[in-house]
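Pasted below: query25.cif, mmCIF, C-alpha atoms.
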data_query
loop_
_atom_site.label_atom_id
_atom_site.label_comp_id
_atom_site.auth_asym_id
_atom_site.auth_seq_id
_atom_site.Cartn_x
_atom_site.Cartn_y
_atom_site.Cartn_z
CA MET A 1 -25.33 -32.16 -12.96
CA TYR A 2 -23.31 -31.00 -9.93
CA PRO A 3 -24.48 -31.77 -6.38
CA SER A 4 -26.31 -28.72 -5.04
CA ILE A 5 -23.65 -27.71 -2.47
CA LEU A 6 -20.90 -27.93 -5.10
CA LYS A 7 -23.01 -25.78 -7.42
CA LYS A 8 -23.39 -23.20 -4.62
CA ILE A 9 -19.60 -23.16 -4.07
CA ILE A 10 -19.06 -22.63 -7.80
CA GLU A 11 -21.53 -19.73 -7.70
CA ASP A 12 -19.73 -18.29 -4.65
CA PHE A 13 -16.36 -18.39 -6.43
CA GLN A 14 -17.91 -16.66 -9.46
CA LYS A 15 -18.81 -13.69 -7.26
CA LEU A 16 -15.08 -12.95 -6.87
CA PRO A 17 -13.48 -10.52 -9.35
CA GLY A 18 -11.75 -12.16 -12.31
CA ILE A 19 -13.24 -15.61 -11.66
CA GLY A 20 -15.36 -16.93 -14.50
CA GLU A 21 -17.44 -20.09 -14.66
CA LYS A 22 -14.61 -22.43 -15.71
CA THR A 23 -12.17 -21.15 -13.07
CA ALA A 24 -14.89 -21.37 -10.42
CA GLU A 25 -15.60 -24.98 -11.41
CA ARG A 26 -11.88 -25.83 -11.33
CA LEU A 27 -11.44 -24.30 -7.85
CA ALA A 28 -14.53 -25.99 -6.42
CA LEU A 29 -13.58 -29.38 -7.88
CA HIS A 30 -10.04 -28.99 -6.55
CA LEU A 31 -11.39 -28.33 -3.07
CA ILE A 32 -13.56 -31.43 -3.09
CA THR A 33 -11.24 -33.85 -4.90
CA GLN A 34 -7.71 -32.80 -3.96
CA THR A 35 -7.89 -30.92 -0.68
CA ASN A 36 -7.99 -32.77 2.62
CA GLN A 37 -10.78 -32.07 5.08
CA GLU A 38 -8.55 -30.33 7.64
CA ASP A 39 -7.40 -27.80 5.02
CA ILE A 40 -10.98 -27.13 3.93
CA ILE A 41 -12.06 -26.58 7.55
CA GLU A 42 -9.08 -24.27 8.13
CA PHE A 43 -9.90 -22.36 4.91
CA SER A 44 -13.53 -21.90 5.94
CA ASP A 45 -12.40 -20.77 9.40
CA HIS A 46 -10.10 -18.17 7.80
CA LEU A 47 -13.00 -16.85 5.70
CA LYS A 48 -15.17 -16.49 8.80
CA ARG A 49 -12.37 -14.80 10.75
CA LEU A 50 -11.76 -12.44 7.82
CA LYS A 51 -15.13 -10.79 8.36
CA ASP A 52 -14.93 -11.00 12.17
CA GLU A 53 -11.40 -9.62 12.62
CA ILE A 54 -10.74 -7.19 9.78
CA LYS A 55 -11.89 -3.62 10.29
CA PHE A 56 -11.03 -0.16 9.01
CA CYS A 57 -8.38 2.00 10.66
CA PRO A 58 -10.24 4.96 12.20
CA ARG A 59 -7.52 7.37 11.03
CA CYS A 60 -6.70 6.35 7.44
CA HIS A 61 -9.45 3.79 6.61
CA MET A 62 -6.93 1.09 5.63
CA ILE A 63 -7.97 -2.47 6.44
CA THR A 64 -6.40 -3.77 9.63
CA ASP A 65 -6.84 -6.20 12.49
CA GLN A 66 -5.51 -3.67 15.04
CA ASP A 67 -7.08 -0.61 16.68
CA LEU A 68 -4.82 1.57 14.50
CA CYS A 69 -3.18 0.19 11.34
CA SER A 70 0.55 -0.58 11.32
CA ILE A 71 1.31 2.46 9.12
CA CYS A 72 -0.57 5.03 11.23
CA SER A 73 0.88 3.63 14.45
CA ASN A 74 4.47 3.60 13.14
CA PRO A 75 6.41 6.60 14.55
CA ALA A 76 9.15 6.09 11.93
CA ARG A 77 6.75 7.07 9.11
CA ASP A 78 6.61 10.66 7.86
CA HIS A 79 3.28 11.78 9.34
CA GLU A 80 3.48 15.16 7.56
CA THR A 81 3.19 13.56 4.10
CA LEU A 82 -0.14 12.02 3.19
CA MET A 83 -0.87 10.00 0.05
CA VAL A 84 -4.56 9.89 -0.84
CA VAL A 85 -5.58 6.66 -2.61
CA ALA A 86 -8.89 5.18 -3.76
CA ASP A 87 -8.75 1.85 -1.92
CA ALA A 88 -6.69 -0.53 0.21
CA LYS A 89 -5.26 -2.32 -2.86
CA ASP A 90 -3.50 0.92 -3.78
CA VAL A 91 -1.76 1.02 -0.39
CA PHE A 92 -0.49 -2.55 -0.85
CA VAL A 93 0.87 -1.66 -4.31
CA MET A 94 2.66 1.45 -2.99
CA GLU A 95 4.10 -0.40 -0.01
CA LYS A 96 5.64 -3.05 -2.30
CA MET A 97 7.86 -0.31 -3.76
CA LYS A 98 9.47 0.26 -0.35
CA THR A 99 10.31 3.86 -1.31
CA TYR A 100 7.42 5.86 0.16
CA ASP A 101 7.66 6.46 3.91
CA GLY A 102 4.69 8.76 4.48
CA THR A 103 1.15 7.84 5.54
CA TYR A 104 -2.01 7.18 3.54
CA HIS A 105 -5.65 8.08 3.41
CA VAL A 106 -8.02 5.59 1.77
CA LEU A 107 -11.03 7.30 0.18
CA GLY A 108 -13.06 4.13 -0.22
CA GLY A 109 -13.52 4.69 -3.95
CA VAL A 110 -13.64 7.57 -6.41
CA ILE A 111 -16.39 9.95 -7.47
CA ASP A 112 -18.42 8.16 -10.14
CA PHE A 113 -21.76 9.80 -10.92
CA SER A 114 -22.71 6.98 -13.30
CA ARG A 115 -22.74 4.61 -10.31
CA GLY A 116 -24.22 7.16 -7.92
CA ILE A 117 -20.96 7.67 -5.96
CA THR A 118 -20.43 11.27 -4.83
CA ASP A 119 -17.96 12.94 -2.47
CA LYS A 120 -20.41 12.19 0.37
CA ASP A 121 -19.75 8.45 -0.13
CA LEU A 122 -16.00 8.87 0.37
CA THR A 123 -13.97 9.41 3.57
CA ILE A 124 -13.42 13.11 2.87
CA ASP A 125 -14.67 14.23 6.33
CA THR A 126 -11.78 12.51 8.10
CA LEU A 127 -9.38 13.63 5.34
CA SER A 128 -10.36 17.25 6.06
CA GLU A 129 -9.29 16.77 9.68
CA ARG A 130 -5.99 15.12 8.75
CA VAL A 131 -5.02 17.83 6.27
CA LYS A 132 -4.70 20.29 9.17
CA SER A 133 -1.55 18.52 10.41
CA ILE A 134 0.35 17.74 7.19
CA LYS A 135 2.74 19.56 4.85
CA GLU A 136 2.13 17.63 1.63
CA MET A 137 -0.86 15.80 0.20
CA ILE A 138 -0.07 13.46 -2.71
CA ILE A 139 -3.17 12.67 -4.75
CA ALA A 140 -2.70 9.14 -6.09
CA THR A 141 -6.01 8.33 -7.76
CA SER A 142 -5.92 6.55 -11.11
CA GLY A 143 -5.78 8.28 -14.49
CA THR A 144 -9.35 7.26 -15.34
CA VAL A 145 -12.08 9.86 -15.84
CA GLU A 146 -13.38 9.12 -12.32
CA GLY A 147 -9.89 9.21 -10.79
CA GLU A 148 -9.13 12.55 -12.48
CA MET A 149 -12.48 13.99 -11.39
CA THR A 150 -11.78 12.94 -7.80
CA ALA A 151 -8.26 14.44 -7.95
CA LYS A 152 -9.58 17.77 -9.27
CA TYR A 153 -12.26 17.81 -6.58
CA LEU A 154 -9.68 17.20 -3.83
CA LYS A 155 -7.38 19.87 -5.24
CA SER A 156 -10.20 22.45 -5.30
CA LEU A 157 -11.38 21.43 -1.83
CA PHE A 158 -7.98 21.85 -0.19
CA SER A 159 -6.38 24.57 -2.36
CA ASP A 160 -6.87 27.18 0.38
CA GLN A 161 -4.93 25.06 2.92
CA ASP A 162 -1.28 25.86 3.66
CA ILE A 163 -0.02 22.56 2.20
CA SER A 164 1.67 21.37 -0.95
CA ILE A 165 -0.75 19.42 -3.14
CA THR A 166 0.96 17.10 -5.61
CA ARG A 167 -0.24 14.46 -8.07
CA LEU A 168 1.47 11.27 -9.15
CA ALA A 169 3.08 11.74 -12.55
CA TYR A 170 1.67 9.82 -15.50
CA GLY A 171 3.43 9.01 -18.71
CA LEU A 172 5.29 6.31 -20.56
CA PRO A 173 6.20 3.14 -18.71
CA VAL A 174 9.90 2.30 -18.81
CA GLY A 175 10.71 0.23 -21.89
CA THR A 176 7.65 1.31 -23.89
CA ASP A 177 8.01 2.02 -27.60
CA LEU A 178 6.32 5.33 -28.54
CA LYS A 179 4.38 3.75 -31.39
CA TYR A 180 2.50 1.50 -28.92
CA ALA A 181 1.46 4.29 -26.52
CA ASP A 182 -2.06 5.71 -26.70
CA GLU A 183 -2.73 9.44 -27.10
CA LEU A 184 -3.64 10.05 -23.46
CA THR A 185 -0.46 8.37 -22.21
CA LEU A 186 1.66 10.38 -24.66
CA SER A 187 -0.03 13.66 -23.74
CA LYS A 188 0.52 12.96 -20.02
CA ALA A 189 4.16 12.10 -20.74
CA VAL A 190 4.63 15.47 -22.46
CA GLU A 191 2.80 17.34 -19.67
CA ASN A 192 4.87 15.66 -16.95
CA ARG A 193 8.24 15.94 -18.67
CA LEU A 194 11.27 16.51 -16.44
CA LYS A 195 14.42 18.54 -16.93
CA TYR A 196 17.10 16.26 -18.34
#

Turn this file's structure into structure tokens for me.
Amino acid sequence: MYPSILKKIIEDFQKLPGIGEKTAERLALHLITQTNQEDIIEFSDHLKRLKDEIKFCPRCHMITDQDLCSICSNPARDHETLMVVADAKDVFVMEKMKTYDGTYHVLGGVIDFSRGITDKDLTIDTLSERVKSIKEMIIATSGTVEGEMTAKYLKSLFSDQDISITRLAYGLPVGTDLKYADELTLSKAVENRLKY
């Protein structure tokens, strides 16, 4: 029913996370019916430049278009505090808070044996080098089974280092009613309770 190139664009959009068939159709039809040619050409140029210009910071593995990312190259950051995260999205989330002034290390994923991802697939080699010059390592992997497994592995790997190893606290989100919280969230809230 669709012209072949439009069908290919729909299929391309469907490869993106969270985009189903109907959303992909809507986006593709919007491009062809309501977007002027200059904007489409500019959009396609941006997509090409994305792959040509974006690379990984050699120090922290964050995505960047510079030789060293803006966080690693910023002397105002606390370079003795290192937050270890799974991927670049986590850095963007943390930076939106505007309260953390340390640096990051992007693992490039978490250990997930079901998908064949082991510690060898992560950026632990460069993390081992960076740990030598820090005072605190904050492990900020998610509370999933894979995130917890990765956190425990990192803790065991670096427990003999002369650094403080901390973990982000998990518990009840602000404004949550106890009756709507699941058992894991409640147990983490009890474990991570603070003096009041």

- Message: Evaluate the PyMOL selection byres ((chain A and resi 24-26) around 10) against this structure - the residues, as a list of chain:residue names, please.
- Response: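 Evaluating the PyMOL selection byres ((chain A and resi 24-26) around 10) on these coordinates yields A:Tyr2, A:Leu6, A:Lys7, A:Ile9, A:Ile10, A:Glu11, A:Asp12, A:Phe13, A:Gln14, A:Lys15, A:Leu16, A:Gly18, A:Ile19, A:Gly20, A:Glu21, A:Lys22, A:Thr23, A:Leu27, A:Ala28, A:Leu29, A:His30, A:Leu31.
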
- Query: Suppose you want the space between CA of Asp162 (chain A) and CA of Lys135 (chain A); what is it in Å?
  - Reply: 7.6 Å

- Would you kindly translate the PyMOL selection byres ((chain A and resi 72-79) around 10) into the concrete residues it picks from this file, as an MDAnalysis selection string? chainID A and resid 57:60 62 66:71 80:82 100:105 130 133:136

Okay, now the selection with C-alpha atoms, as a short mmCIF file (atom, residue, chain, number, x, y, z; two decimals), keeping the file's coordinate frame?
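So the final result, stored in again14.cif, reads:
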data_model
loop_
_atom_site.label_atom_id
_atom_site.label_comp_id
_atom_site.auth_asym_id
_atom_site.auth_seq_id
_atom_site.Cartn_x
_atom_site.Cartn_y
_atom_site.Cartn_z
CA CYS A 57 -8.38 2.00 10.66
CA PRO A 58 -10.24 4.96 12.20
CA ARG A 59 -7.52 7.37 11.03
CA CYS A 60 -6.70 6.35 7.44
CA MET A 62 -6.93 1.09 5.63
CA GLN A 66 -5.51 -3.67 15.04
CA ASP A 67 -7.08 -0.61 16.68
CA LEU A 68 -4.82 1.57 14.50
CA CYS A 69 -3.18 0.19 11.34
CA SER A 70 0.55 -0.58 11.32
CA ILE A 71 1.31 2.46 9.12
CA GLU A 80 3.48 15.16 7.56
CA THR A 81 3.19 13.56 4.10
CA LEU A 82 -0.14 12.02 3.19
CA TYR A 100 7.42 5.86 0.16
CA ASP A 101 7.66 6.46 3.91
CA GLY A 102 4.69 8.76 4.48
CA THR A 103 1.15 7.84 5.54
CA TYR A 104 -2.01 7.18 3.54
CA HIS A 105 -5.65 8.08 3.41
CA ARG A 130 -5.99 15.12 8.75
CA SER A 133 -1.55 18.52 10.41
CA ILE A 134 0.35 17.74 7.19
CA LYS A 135 2.74 19.56 4.85
CA GLU A 136 2.13 17.63 1.63
#

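CA of Ala151 (chain A) to CA of Ile163 (chain A) spans 15.4 Å [interatomic distance, one decimal].
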
- Residues matched by the PyMOL selection byres ((chain A and resi 107) around 7) as a ChimeraX atom specification: /A:85-87,105-106,108-109,122-124

Could you pull the residues within 9 Å of region 141-144 of chain A, counting all atoms listed in the file, minus those fewer than 5 positions along the same chain, as an mmCIF file with C-alpha atoms, in the coordinates of the input?
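Dumped to around_25.cif:
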data_model
loop_
_atom_site.group_PDB
_atom_site.id
_atom_site.type_symbol
_atom_site.label_atom_id
_atom_site.label_comp_id
_atom_site.auth_asym_id
_atom_site.auth_seq_id
_atom_site.Cartn_x
_atom_site.Cartn_y
_atom_site.Cartn_z
ATOM 1 C CA VAL A 84 -4.560 9.890 -0.840
ATOM 2 C CA VAL A 85 -5.580 6.660 -2.610
ATOM 3 C CA ALA A 86 -8.890 5.180 -3.760
ATOM 4 C CA ASP A 90 -3.500 0.920 -3.780
ATOM 5 C CA VAL A 110 -13.640 7.570 -6.410
ATOM 6 C CA MET A 149 -12.480 13.990 -11.390
ATOM 7 C CA THR A 150 -11.780 12.940 -7.800
ATOM 8 C CA ALA A 151 -8.260 14.440 -7.950
ATOM 9 C CA ARG A 167 -0.240 14.460 -8.070
ATOM 10 C CA LEU A 168 1.470 11.270 -9.150
ATOM 11 C CA TYR A 170 1.670 9.820 -15.500
#

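One finds CA of Ser187 (chain A) at 7.7 Å from CA of Gly171 (chain A).
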
- Selected residue, from A:Leu47, A:Leu172, A:Met83, A:Val93, that lies nearest to Met137 (chain A) when counting only C-alpha atoms: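 Of A:Leu47, A:Leu172, A:Met83, A:Val93, the one nearest Met137 (chain A) is A:Met83, counting only C-alpha atoms.
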